[in-house]
Structures are given as structure tokens and as C-alpha cells.
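Trainee: File target.txt follows (compact mmCIF, C-alpha atoms):
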# COMPACT_ATOMS: atom_id res chain seq x y z
CA MET A 1 88.38 129.49 114.70
CA PRO A 2 90.98 132.02 115.92
CA PRO A 3 93.90 132.94 113.66
CA LEU A 4 96.81 130.55 114.19
CA GLY A 5 100.12 132.18 113.29
CA PHE A 6 101.95 129.05 112.14
CA PHE A 7 99.48 128.46 109.30
CA LYS A 8 99.60 131.87 107.61
CA ARG A 9 102.20 130.72 105.07
CA PHE A 10 99.95 127.96 103.65
CA HIS A 11 97.51 128.35 100.77
CA ALA A 12 95.54 126.05 98.48
CA LEU A 13 93.57 126.14 95.24
CA SER A 14 90.86 123.55 94.63
CA LEU A 15 88.75 122.46 91.68
CA SER A 16 86.42 119.57 92.44
CA ILE A 17 83.41 117.87 90.94
CA ALA A 18 81.40 119.36 93.82
CA THR A 19 82.17 122.95 92.80
CA HIS A 20 82.97 122.77 89.07
CA GLU A 21 81.81 120.94 85.97
CA VAL A 22 83.72 117.79 85.02
CA GLU A 23 84.85 119.52 81.83
CA ALA A 24 86.76 122.09 83.91
CA LEU A 25 88.74 119.34 85.62
CA ALA A 26 89.35 117.53 82.34
CA ALA A 27 91.53 120.40 81.12
CA PHE A 28 94.30 119.46 83.60
CA PRO A 29 96.91 116.68 83.36
CA ASP A 30 97.09 113.74 85.73
CA SER A 31 99.78 113.82 88.41
CA ARG A 32 102.31 111.66 86.59
CA ARG A 33 102.18 113.77 83.46
CA PHE A 34 102.26 117.04 85.40
CA TYR A 35 105.37 116.17 87.40
CA THR A 36 107.11 114.77 84.32
CA GLU A 37 106.49 117.93 82.29
CA ASN A 38 107.07 120.49 85.05
CA SER A 39 110.42 119.63 86.63
CA ILE A 40 111.25 123.21 87.59
CA THR A 41 113.16 124.75 90.49
CA LEU A 42 111.00 126.70 92.89
CA PRO A 43 111.83 130.40 93.31
CA PRO A 44 112.68 131.78 96.79
CA THR A 45 109.15 133.15 97.08
CA ILE A 46 107.70 129.61 97.24
CA ARG A 47 108.98 127.21 99.89
CA GLY A 48 106.86 124.20 99.03
CA LEU A 49 104.43 123.02 96.37
CA LEU A 50 102.19 120.00 95.80
CA TYR A 51 100.01 119.32 92.75
CA MET A 52 97.32 116.68 93.21
CA ALA A 53 95.01 115.22 90.57
CA THR A 54 92.40 112.55 91.26
CA CYS A 55 89.32 111.41 89.38
CA ASN A 56 87.21 114.19 90.90
CA ARG A 57 89.58 116.97 91.98
CA ILE A 58 92.56 119.06 90.92
CA GLU A 59 94.36 120.85 93.76
CA ILE A 60 97.49 122.86 94.47
CA TYR A 61 98.93 123.22 97.96
CA THR A 62 101.70 125.72 98.55
CA GLU A 63 103.78 127.30 101.30
CA PHE A 64 104.99 130.83 100.63
CA SER A 65 108.15 132.17 102.25
CA GLU A 66 107.97 134.20 105.45
CA GLY A 67 106.73 137.73 104.87
CA ILE A 68 105.43 137.08 101.34
CA GLU A 69 101.99 138.55 100.74
CA PRO A 70 99.53 136.06 99.20
CA LYS A 71 98.96 138.21 96.09
CA ASP A 72 102.72 138.27 95.43
CA GLY A 73 103.09 134.56 96.11
CA PHE A 74 100.28 133.64 93.74
CA ALA A 75 101.60 136.00 91.07
CA THR A 76 104.86 134.05 91.18
CA LEU A 77 103.03 130.70 91.23
CA TYR A 78 100.91 131.50 88.16
CA ASN A 79 104.05 132.35 86.19
CA LEU A 80 105.74 129.04 87.03
CA SER A 81 103.64 126.91 84.70
CA PRO A 82 100.78 127.33 82.19
CA ILE A 83 98.90 124.75 84.30
CA PHE A 84 98.89 127.11 87.27
CA LYS A 85 97.73 129.99 85.10
CA LYS A 86 94.93 127.78 83.78
CA MET A 87 94.04 127.01 87.40
CA GLU A 88 93.60 130.71 88.10
CA GLU A 89 91.40 131.13 85.02
CA ALA A 90 89.15 128.26 86.16
CA LYS A 91 88.24 130.30 89.26
CA PRO A 92 89.17 127.70 91.87
CA ARG A 93 88.12 127.65 95.47
CA TYR A 94 90.78 129.44 97.54
CA LEU A 95 91.84 128.40 101.05
CA SER A 96 94.44 129.85 103.38
CA GLY A 97 95.79 129.41 106.88
CA GLU A 98 94.43 126.65 109.08
CA LYS A 99 91.63 125.99 106.56
CA VAL A 100 94.26 124.42 104.30
CA LEU A 101 94.90 121.69 106.89
CA VAL A 102 91.18 121.28 107.61
CA HIS A 103 90.53 120.81 103.89
CA LEU A 104 93.52 118.51 103.40
CA ILE A 105 92.40 116.22 106.23
CA SER A 106 88.88 116.13 104.80
CA VAL A 107 90.23 115.22 101.37
CA ALA A 108 92.59 112.54 102.73
CA SER A 109 89.77 111.01 104.80
CA GLY A 110 87.41 110.77 101.84
CA LEU A 111 85.04 113.33 103.37
CA LYS A 112 85.13 115.30 100.13
CA SER A 113 85.19 112.38 97.72
CA LEU A 114 82.47 111.59 95.23
CA ALA A 115 82.21 108.33 97.17
CA LEU A 116 82.17 109.57 100.78
CA GLY A 117 84.83 107.83 102.82
CA GLU A 118 86.63 106.20 99.91
CA THR A 119 89.95 104.77 100.98
CA GLN A 120 92.25 105.47 98.03
CA ILE A 121 92.73 109.24 98.40
CA ALA A 122 95.38 108.98 101.12
CA GLY A 123 97.40 106.75 98.81
CA GLN A 124 97.10 109.29 96.01
CA ILE A 125 98.34 112.03 98.32
CA LYS A 126 101.36 109.90 99.26
CA ARG A 127 101.99 109.24 95.56
CA ASP A 128 102.00 112.97 94.76
CA MET A 129 104.13 113.73 97.81
CA SER A 130 106.72 111.30 96.49
CA GLN A 131 106.73 112.94 93.07
CA ALA A 132 106.93 116.46 94.52
CA SER A 133 109.70 115.39 96.88
CA ALA A 134 111.73 114.00 93.97
CA LEU A 135 111.68 117.50 92.44
CA GLY A 136 112.69 119.14 95.73
CA TRP A 137 109.30 120.81 96.13
CA LEU A 138 108.39 119.57 99.61
CA SER A 139 109.45 122.06 102.25
CA SER A 140 109.66 120.96 105.88
CA GLY A 141 106.53 123.00 106.68
CA LEU A 142 104.45 121.51 103.86
CA SER A 143 105.75 118.02 104.70
CA THR A 144 104.63 118.50 108.30
CA LEU A 145 101.19 119.69 107.16
CA LEU A 146 100.77 116.65 104.89
CA ALA A 147 102.01 114.24 107.55
CA LYS A 148 99.50 115.63 110.06
CA ALA A 149 96.70 115.27 107.51
CA LEU A 150 97.57 111.62 106.87
CA GLU A 151 97.86 110.98 110.60
CA ALA A 152 94.42 112.52 111.21
CA GLN A 153 92.77 110.54 108.40
CA LYS A 154 93.87 107.31 110.09
CA LYS A 155 92.19 108.42 113.32
CA ILE A 156 89.02 109.37 111.44
CA ARG A 157 88.88 105.98 109.76
CA THR A 158 89.36 104.10 113.03
CA GLN A 159 87.43 106.32 115.46
CA THR A 160 84.34 107.24 113.43
CA GLY A 161 81.75 105.37 111.41
CA ILE A 162 83.13 106.72 108.12
CA SER A 163 84.78 103.38 107.34
CA GLU A 164 81.70 101.27 108.09
CA ASN A 165 80.32 99.78 104.90
CA ALA A 166 83.07 101.64 103.09
CA TYR A 167 82.51 102.12 99.41
CA SER A 168 84.44 103.49 96.48
CA LEU A 169 83.86 105.07 93.12
CA MET A 170 83.38 101.57 91.70
CA SER A 171 80.72 100.92 94.33
CA LEU A 172 78.85 103.90 92.90
CA VAL A 173 79.28 102.43 89.42
CA GLU A 174 77.89 99.11 90.63
CA GLU A 175 74.92 100.90 92.19
CA ALA A 176 74.27 102.82 88.96
CA ILE A 177 74.36 99.56 86.99
CA CYS A 178 71.82 98.05 89.36
CA GLU A 179 69.51 101.10 89.29
CA ARG A 180 69.48 101.11 85.48
CA ASN A 181 68.91 97.35 85.20
CA LEU A 182 72.10 96.91 83.19
CA HIS A 183 74.01 93.64 83.05
CA PRO A 184 76.00 93.18 86.29
CA ILE A 185 79.78 92.86 86.07
CA GLN A 186 80.39 89.13 86.59
CA SER A 187 83.12 87.40 84.62
CA THR A 188 84.34 89.42 81.62
CA LEU A 189 85.38 93.07 81.44
CA VAL A 190 86.96 95.38 78.88
CA LEU A 191 89.24 97.87 80.60
CA VAL A 192 90.72 100.78 78.64
CA GLY A 193 93.93 102.20 80.07
CA ALA A 194 96.51 101.11 82.63
CA SER A 195 96.34 104.10 84.96
CA ASP A 196 96.01 104.39 88.73
CA MET A 197 92.23 104.38 88.27
CA SER A 198 92.51 101.24 86.12
CA ALA A 199 94.22 99.49 89.04
CA LYS A 200 91.32 100.45 91.34
CA VAL A 201 88.82 99.12 88.80
CA THR A 202 90.81 95.88 88.50
CA ARG A 203 90.94 95.28 92.25
CA PHE A 204 87.20 95.86 92.52
CA ALA A 205 86.44 93.57 89.56
CA LEU A 206 88.65 90.78 90.93
CA ARG A 207 86.69 90.91 94.18
CA ARG A 208 83.49 90.57 92.13
CA GLY A 209 84.76 87.40 90.47
CA VAL A 210 85.90 88.76 87.10
CA LYS A 211 88.37 86.30 85.55
CA ASN A 212 88.68 87.64 81.99
CA PHE A 213 90.11 91.11 81.44
CA THR A 214 90.79 92.58 78.02
CA LEU A 215 93.16 95.44 78.75
CA VAL A 216 93.12 97.94 75.88
CA ARG A 217 96.03 100.33 75.57
CA LYS A 218 96.72 103.06 73.06
CA GLU A 219 100.37 101.96 73.05
CA VAL A 220 101.04 98.47 74.39
CA SER A 221 104.77 99.13 74.83
CA ARG A 222 104.25 102.16 77.04
CA ALA A 223 105.07 101.77 80.76
CA MET A 224 101.99 101.25 82.91
CA ASN A 225 100.98 102.14 86.44
CA ARG A 226 103.03 100.16 88.97
CA GLU A 227 100.02 98.80 90.85
CA MET A 228 98.36 97.78 87.57
CA ARG A 229 101.53 95.94 86.58
CA ARG A 230 101.60 94.15 89.93
CA LEU A 231 97.98 93.00 89.57
CA ILE A 232 98.67 91.62 86.10
CA ASP A 233 101.80 89.80 87.28
CA TYR A 234 99.84 88.35 90.21
CA THR A 235 97.02 87.00 88.00
CA PRO A 236 98.58 86.74 84.49
CA ASN A 237 96.03 84.21 83.21
CA CYS A 238 93.21 86.72 83.73
CA PHE A 239 94.57 89.34 81.33
CA ARG A 240 94.76 89.79 77.58
CA ILE A 241 96.54 92.99 76.57
CA VAL A 242 95.79 94.47 73.14
CA SER A 243 96.39 97.76 71.38
CA LEU A 244 93.51 100.14 70.78
CA ALA A 245 93.88 99.72 67.00
CA ASP A 246 93.77 95.92 67.19
CA PHE A 247 90.82 95.99 69.57
CA GLN A 248 88.76 98.24 67.31
CA GLN A 249 89.64 96.15 64.28
CA ASP A 250 88.87 92.69 65.69
CA SER A 251 87.34 91.99 69.11
CA SER A 252 84.20 90.05 68.20
CA ASN A 253 82.36 87.52 70.40
CA LEU A 254 84.02 88.60 73.62
CA SER A 255 80.64 89.02 75.40
CA ALA A 256 81.98 91.42 78.04
CA GLN A 257 79.43 92.68 80.58
CA ALA A 258 80.92 96.18 80.63
CA ILE A 259 83.58 98.42 79.19
CA ILE A 260 85.25 100.76 81.66
CA LEU A 261 87.43 103.56 80.34
CA ALA A 262 90.08 104.89 82.71
CA SER A 263 93.05 105.95 80.62
CA SER A 264 95.12 109.12 80.79
CA ALA A 265 94.57 109.91 77.09
CA THR A 266 94.13 113.60 76.38
CA GLU A 267 91.47 113.08 73.71
CA PRO A 268 88.40 110.81 73.30
CA LEU A 269 89.27 107.25 72.27
CA PHE A 270 85.75 106.01 71.43
CA SER A 271 82.89 107.59 69.51
CA ALA A 272 79.27 106.51 69.83
CA HIS A 273 79.74 104.68 66.51
CA ASP A 274 82.74 102.75 67.88
CA LEU A 275 80.79 101.68 70.95
CA ALA A 276 77.74 100.70 68.89
CA ASN A 277 79.99 98.46 66.81
CA LEU A 278 81.24 96.74 69.95
CA THR A 279 77.67 95.74 70.78
CA ARG A 280 76.87 94.81 67.18
CA ASN A 281 79.82 92.40 66.91
CA LYS A 282 79.12 90.98 70.39
CA THR A 283 82.24 92.36 72.02
CA LEU A 284 79.79 93.74 74.57
CA VAL A 285 76.54 92.05 75.58
CA GLU A 286 73.31 93.87 74.70
CA ASN A 287 72.64 95.43 78.10
CA SER A 288 76.23 96.19 79.06
CA ALA A 289 77.37 99.37 80.79
CA VAL A 290 79.74 101.85 79.20
CA VAL A 291 81.55 103.57 82.07
CA ASP A 292 83.87 106.54 81.57
CA LEU A 293 85.96 107.38 84.65
CA SER A 294 88.63 109.31 82.76
CA LEU A 295 89.66 112.94 82.99
CA PRO A 296 89.58 114.11 80.28
CA ALA A 297 86.77 111.89 79.00
CA ASN A 298 87.64 108.86 76.87
CA VAL A 299 84.16 108.77 75.32
CA ALA A 300 83.28 111.37 72.69
CA PRO A 301 80.45 113.85 73.47
CA ASP A 302 78.06 112.16 71.00
CA ALA A 303 78.09 108.94 73.05
CA ALA A 304 75.85 110.08 75.93
CA GLU A 305 72.88 110.77 73.65
CA LYS A 306 73.31 107.62 71.54
CA LEU A 307 73.97 105.21 74.41
CA GLY A 308 71.27 106.61 76.69
CA ASN A 309 70.86 104.66 79.92
CA ARG A 310 73.93 102.50 79.22
CA PHE A 311 76.36 105.39 79.56
CA ILE A 312 77.70 106.07 83.07
CA SER A 313 79.97 109.09 83.51
CA LEU A 314 81.55 110.80 86.51
CA ALA A 315 78.86 113.46 86.33
CA SER A 316 76.06 110.87 86.39
CA LEU A 317 77.50 109.31 89.56
CA LYS A 318 77.10 112.54 91.51
CA LYS A 319 73.39 112.02 92.28
CA ILE A 320 74.08 108.62 93.84
CA SER A 321 76.96 110.16 95.77
CA ASP A 322 74.80 112.96 97.18
CA GLU A 323 72.17 110.49 98.39
CA ALA A 324 74.78 108.31 100.08
CA ARG A 325 76.46 111.35 101.60
CA ALA A 326 73.22 112.40 103.30
CA GLN A 327 72.87 108.92 104.80
CA ARG A 328 76.38 109.08 106.26
CA ALA A 329 76.36 112.70 107.44
CA ALA A 330 76.48 111.60 111.09
CA SER A 331 79.77 109.76 110.53
CA ALA A 332 81.24 112.82 108.85
CA LYS A 333 80.17 114.92 111.82
CA GLU A 334 82.14 112.64 114.14
CA ALA A 335 85.32 113.65 112.33
CA GLU A 336 85.05 117.32 113.25
CA PRO A 337 86.62 117.12 116.77
CA ILE A 338 89.49 115.03 115.37
CA ILE A 339 90.13 117.65 112.68
CA ARG A 340 89.99 120.51 115.20
CA ARG A 341 92.34 118.70 117.54
CA THR A 342 94.87 118.09 114.75
CA VAL A 343 94.85 121.76 113.75
CA TYR A 344 95.41 122.96 117.30
CA GLN A 345 97.96 120.24 117.98
CA LEU A 346 100.13 121.40 115.11
CA TRP A 347 99.69 125.01 116.17
CA LEU A 348 100.63 124.21 119.78
CA ASP A 349 103.65 122.16 118.72
CA SER A 350 104.88 125.01 116.53
CA LEU A 351 104.30 127.45 119.39
CA TYR A 352 106.52 125.35 121.65
CA ARG A 353 109.18 125.00 118.95
CA GLU A 354 109.23 128.70 118.15
CA ASN A 355 109.35 129.77 121.83
CA PRO A 356 111.96 127.48 123.43
CA SER A 357 112.65 129.88 126.32
CA VAL A 358 108.98 129.75 127.36
CA VAL A 359 109.04 125.97 127.33
CA ARG A 360 112.30 125.84 129.24
CA ASP A 361 110.97 128.21 131.91
CA TYR A 362 107.84 126.10 132.17
CA LEU A 363 109.91 122.95 132.68
CA GLU A 364 112.07 124.57 135.29
CA THR A 365 109.11 125.79 137.36
CA LYS A 366 107.28 122.45 137.34
CA THR A 367 109.46 121.06 140.12
CA ASN A 368 110.00 122.40 143.63
CA GLN A 369 113.67 121.54 143.42
CA THR A 370 116.17 123.59 141.41
CA ASP A 371 119.01 121.85 139.59
CA SER A 372 121.46 122.80 142.35
CA GLN A 373 119.13 121.45 145.03
CA TRP A 374 118.80 118.12 143.23
CA GLN A 375 122.55 118.00 142.89
CA ARG A 376 122.97 118.63 146.64
CA LEU A 377 120.46 115.89 147.47
CA ALA A 378 122.30 113.49 145.19
CA GLU A 379 125.61 114.26 146.92
CA GLU A 380 124.07 113.85 150.37
CA ALA A 381 122.81 110.45 149.32
CA SER A 382 126.40 109.53 148.35
CA LEU A 383 125.42 108.79 144.76
CA ASN A 384 128.10 108.21 142.15
CA GLU A 385 128.20 110.22 138.92
CA LYS A 386 126.15 107.65 136.98
CA GLN A 387 123.47 107.53 139.68
CA LYS A 388 123.37 111.34 139.80
CA ARG A 389 122.79 111.44 136.03
CA ILE A 390 119.99 108.88 136.33
CA LEU A 391 118.34 110.95 139.06
CA TYR A 392 118.67 114.17 137.07
CA ASP A 393 117.28 112.52 133.90
CA PHE A 394 114.37 111.16 135.93
CA VAL A 395 113.52 114.66 137.17
CA LYS A 396 113.64 116.07 133.66
CA LYS A 397 111.50 113.21 132.39
CA GLU A 398 108.89 113.98 135.02
CA GLN A 399 108.97 117.63 134.00
CA ARG A 400 108.46 116.74 130.35
CA ARG A 401 105.62 114.41 131.30
CA THR A 402 103.95 117.29 133.11
CA LEU A 403 104.39 119.46 130.04
CA GLN A 404 102.85 116.77 127.86
CA GLN A 405 99.89 116.40 130.22
CA HIS A 406 99.43 120.16 130.16
CA ARG A 407 99.54 120.12 126.33
CA GLU A 408 96.99 117.28 126.12
CA MET A 409 94.69 119.11 128.51
CA ILE A 410 94.78 122.23 126.31
CA LEU A 411 94.07 120.15 123.20
CA ASP A 412 91.16 118.37 124.84
CA LEU A 413 89.65 121.68 125.91
CA ILE A 414 89.94 123.46 122.59
CA SER A 415 89.02 120.49 120.38
CA ASN A 416 85.74 120.07 122.24
CA ALA A 417 84.94 123.77 122.05
CA LYS A 418 81.95 124.80 119.91
CA ILE A 419 84.02 125.61 116.87
CA THR A 420 82.98 124.09 113.57
CA PRO A 421 85.69 123.92 110.91
CA GLU A 422 84.75 123.90 107.25
CA ILE A 423 84.52 120.21 106.28
Transcribe the structure of this file into C-alpha cells.
Mentor:
Amino acid sequence: MPPLGFFKRFHALSLSIATHEVEALAAFPDSRRFYTENSITLPPTIRGLLYMATCNRIEIYTEFSEGIEPKDGFATLYNLSPIFKKMEEAKPRYLSGEKVLVHLISVASGLKSLALGETQIAGQIKRDMSQASALGWLSSGLSTLLAKALEAQKKIRTQTGISENAYSLMSLVEEAICERNLHPIQSTLVLVGASDMSAKVTRFALRRGVKNFTLVRKEVSRAMNREMRRLIDYTPNCFRIVSLADFQQDSSNLSAQAIILASSATEPLFSAHDLANLTRNKTLVENSAVVDLSLPANVAPDAAEKLGNRFISLASLKKISDEARAQRAASAKEAEPIIRRTVYQLWLDSLYRENPSVVRDYLETKTNQTDSQWQRLAEEASLNEKQKRILYDFVKKEQRRTLQQHREMILDLISNAKITPEI
């Protein structure tokens, strides 16, 4: 792909479950905590900044000011927050220029998700955009880049097969439960945490017919995720909310088919001993799954060995994800022309914006009649001032339509060229 001048200000750092161990991602805060604890004013060197944390990736997108060398921009970025310095130490994947938009579209479309094509990532990007915007971190350039990525992901979902038989992280969990002959999730579930991930688990479980949720929270009085709150208010009879201390002290005979941990706690909440007790006192049925979708992990390191086949972690879902990804590679391939077209569209739009005289000259030469000639024709036709203005506006509209057709032709040509962006 040729260098596209507009994009040179944009850079990104990425840690994902595909390139790093889960433990590396676990060292970083979720989005809500990050934006709460890092309400800083950006220096002139950095125009825009977005921090994004999902269940399988931590990423930073930034726009440096005009003329700032990347090494100087990143030096400033790393000094803004200990989190950014930790990002550097984790040796993230680095992207710059148009590859930032290519990557961002791929992320938003679910092409880089653990569950290929999962639908929630776009919503998470919008969530983080809102939080960054509230701090004044979203520059016009970065906002445009993000808007184009979200626009492209809609086209990918509607114009390719990526959304056929769409599945999510919980679909992978369900498949793992089936492969291991564990008890299927049917009616009763223990859910630890009220995070964004907890809301996704809840929606999935409701669709599977779960009617009894025991929602375990470290602090019951603490504010919960907005979507989680909405789901509880919508189906209040399905939920029992208890504190972690009360749950560990007395939760016998619940007979839940699984416990799913998805809190934002910064330390493990359950040891292997705690989980064994839950089975012993019949809080969990004998063959129930213990699923940890948290970053950092909610289950202590000793649990994997003690629980054996019953323990499902983010890392253990990767094999299922890789197999499914291979089956849907063709759908992912269909997204490539859409991604290319979006990159060149933004480049072409910026080229027109940054060179208004070129565009104006182009408009003026796309008609055989000059402005004065059209005015003379209007006078000869005895048109009044309003009719003259209508005629003149019509001419300009036709010129703009020609320009648009010319632009679309360029985009069609270059998007179908044999150029393969990095998906």
C-alpha cells in the first residue's frame, strides 16, 4: 500500500491474546478504571488519545501533532501515565500510518477477536470513545478515524459472511462445555461481578433459558455496569444479589450448573479450595464448569490444576477460536476490499479538503459554460433573480455530482487493486 500522507500522524500500540500471554494483559486496568484514574490534560505534542481494554486486548490509539517525530511523541506518551510506560515494557505490537485504520476496522469488525466476528467490540469502542471524549482526548482527526472504522465495520457485517452464524466469547464457552462433557448451562448460574463482560454473559444466559442468577459482588453497594443494571431491572425476579463474603459463608444447595467469573477485581477472588467447597456444599452441581473471563484472573493459579477439565479460562478458549477462525477465513477475506476502500476514501477526502483550490479548479472545468456565460444565458431567458439562482445552483450541483462520480471511480479502481492490507 502506498504511503498516504493524511495518516502519518496516527500510531497505535496493541497487546492481544493472539500475540501475548493472558498474564501480560491482566496487568492493565479495564477502561472504566483507567479513565477514572487518568484524567490528565494532553500536552501539545499529542492531539488525541484513546485507551481501549476488552477481554482479549489492550490498545492505545494516538494522534501526534503535525511535525512530531514518532520517537518524540511516544517519549511524551510514556511519561503521561505509568500504564503507558508499562505498555512499552510489555513490548506491544506497533502500528503507524494507514495500518492504524486497517487494524482498527479489523478490531471493530471482530476480525481480530478471540471469537471471530463477535458483535460487541464496536460497542466497546464507542464506550471508550465516550470516556476519552469526556476528558477532551478525542481530536478531530482521531474522531474521524474512529468514525470511519465504525462505518466500515457495519459494511463488513452486512456485506460479507462474517455475521452468518455469528458467535461470541460465550459461544466459545458453550462449545468448551460441550467438548468436555460438562453440565450444560440451563436454569441456574452463579455470576461473579457486574462488569461489561457480566452483562454479555447475562444476555447470553437469558437466551439459553437461565431464570435463576446469583450475582456475587465484592461490594454490593458499589455502582455496577449500566447495561448490567438495565438487565436486572428488566428481569428483577431472576436475580439474587449477594456479597462475596456472604456467598462464601453460606450458599449451599443452590445447584448451579456453572460459575462464571467476570469481575474487574485486581486480585483473585476464589482459590481452588473455595471452588471445591462450592461443589461439596452443592452450590455447584458435580460436573459444573468454572469459567474465568476476567482480566486479571478471578481464579487463583492453583485452581487450574485442582479443577482439571472443569476449569475454562480465556487461554483455554484460544484453541476453539483458532479452529473456528480457519473455518470462516473466506468471510474474513471478503472484508479486505471494504477495508482498502475505507482507507483510500479517507485519504481522498482529506486530499480534497487540504487542496481546495484543486477541487475548485476541477469543478470549474467540468462544465463548458463559465459563470459569466451562464449568467448571460439566464438574462437572455428573461429569468428573475430567484430563477437565476436556481439555475446557477443546479449547475454547481451537477459539477459536484461529476466530482463525486470521479471520486467513486477512483475508489473502485484502487480498492479492487491487488493490494492486501494487514488484517
Trainee: Would you mind telling me which residue in A:Val290, A:Ile312, A:Leu346, A:Leu135 lies nearest to Thr36 of chain A when using all atoms listed in the file?
Mentor: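 Of the candidates, the smallest distance to Thr36 of chain A is held by A:Leu135.
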Trainee: For Met87 of chain A, which of A:Glu59, A:Glu334, A:Asp128, A:Glu69 is the closest residue, counting all atoms listed in the file?
Mentor: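 Using all atoms listed in the file, Met87 of chain A sits closest to A:Glu59.
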Trainee: Please identify all polymer residues within 8 Å of Val220 of chain A, counting all atoms listed in the file, omitting same-chain residues fewer than 3 positions from it, and present them as number ranges by chain.
Mentor: A: 217, 241-243
Trainee: Which one is closest to Ala272 of chain A: A:Ala258, A:Ala304, A:Ile60, A:Ala245? Count all atoms listed in the file.
Mentor: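 Counting all atoms listed in the file, the residue closest to Ala272 of chain A is A:Ala304.
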Trainee: Quick one, how far is atom CA of Asp274 of chain A from atom CA of Glu305 of chain A?
Mentor: 14.0 Å
Trainee: I'd like the neighbourhood of Leu189 of chain A as a list in words, where a residue qualifies if any of its atoms comes within 10 Å (using only C-alpha atoms), though same-chain residues fewer than 4 positions away should be ignored.
Mentor: Ile185, Thr202, Ala205, Val210, Lys211, Asn212, Phe213, Thr214, Leu215, Phe239, Leu254, Ser255, Ala256, Gln257, Ala258, Ile259, Ile260, Thr283, Leu284 and Ser288 of chain A
Trainee: I'd like the contact shell of segment 147-150 of chain A - 8 Å cut-off, all atoms listed in the file, skipping same-chain residues fewer than 5 positions apart - returned as a ChimeraX atom specification.
Mentor: /A:101,104-105,108,122,342,346
Trainee: Quote the spacing between atom CA of Phe34 of chain A and atom CA of Phe204 of chain A in Å to one decimal place.
Mentor: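 Atom CA of Phe204 of chain A lies at a distance of 26.9 Å from atom CA of Phe34 of chain A.
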Trainee: Work out how far apart atom CA of Tyr94 of chain A and atom CA of Leu13 of chain A are and give it in Å to one decimal.
Mentor: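 One can read the atom CA of Tyr94 of chain A to atom CA of Leu13 of chain A distance as 4.9 Å.
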Trainee: A:Ala134, A:Ala315, A:Ala75, A:Leu348: which is nearest Ala24 of chain A, counting only C-alpha atoms?
Mentor: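 Selected residue with least distance to Ala24 of chain A: A:Ala315.
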Trainee: Segment 249-255 of chain A, all listed atoms, 5 Å padding on each side: what axis-aligned box centre and edge lengths in Å to one decimal come out, as JSON?
Mentor:
{"center_x": 85.1, "center_y": 91.8, "center_z": 69.8, "size_x": 19.0, "size_y": 18.6, "size_z": 21.1}
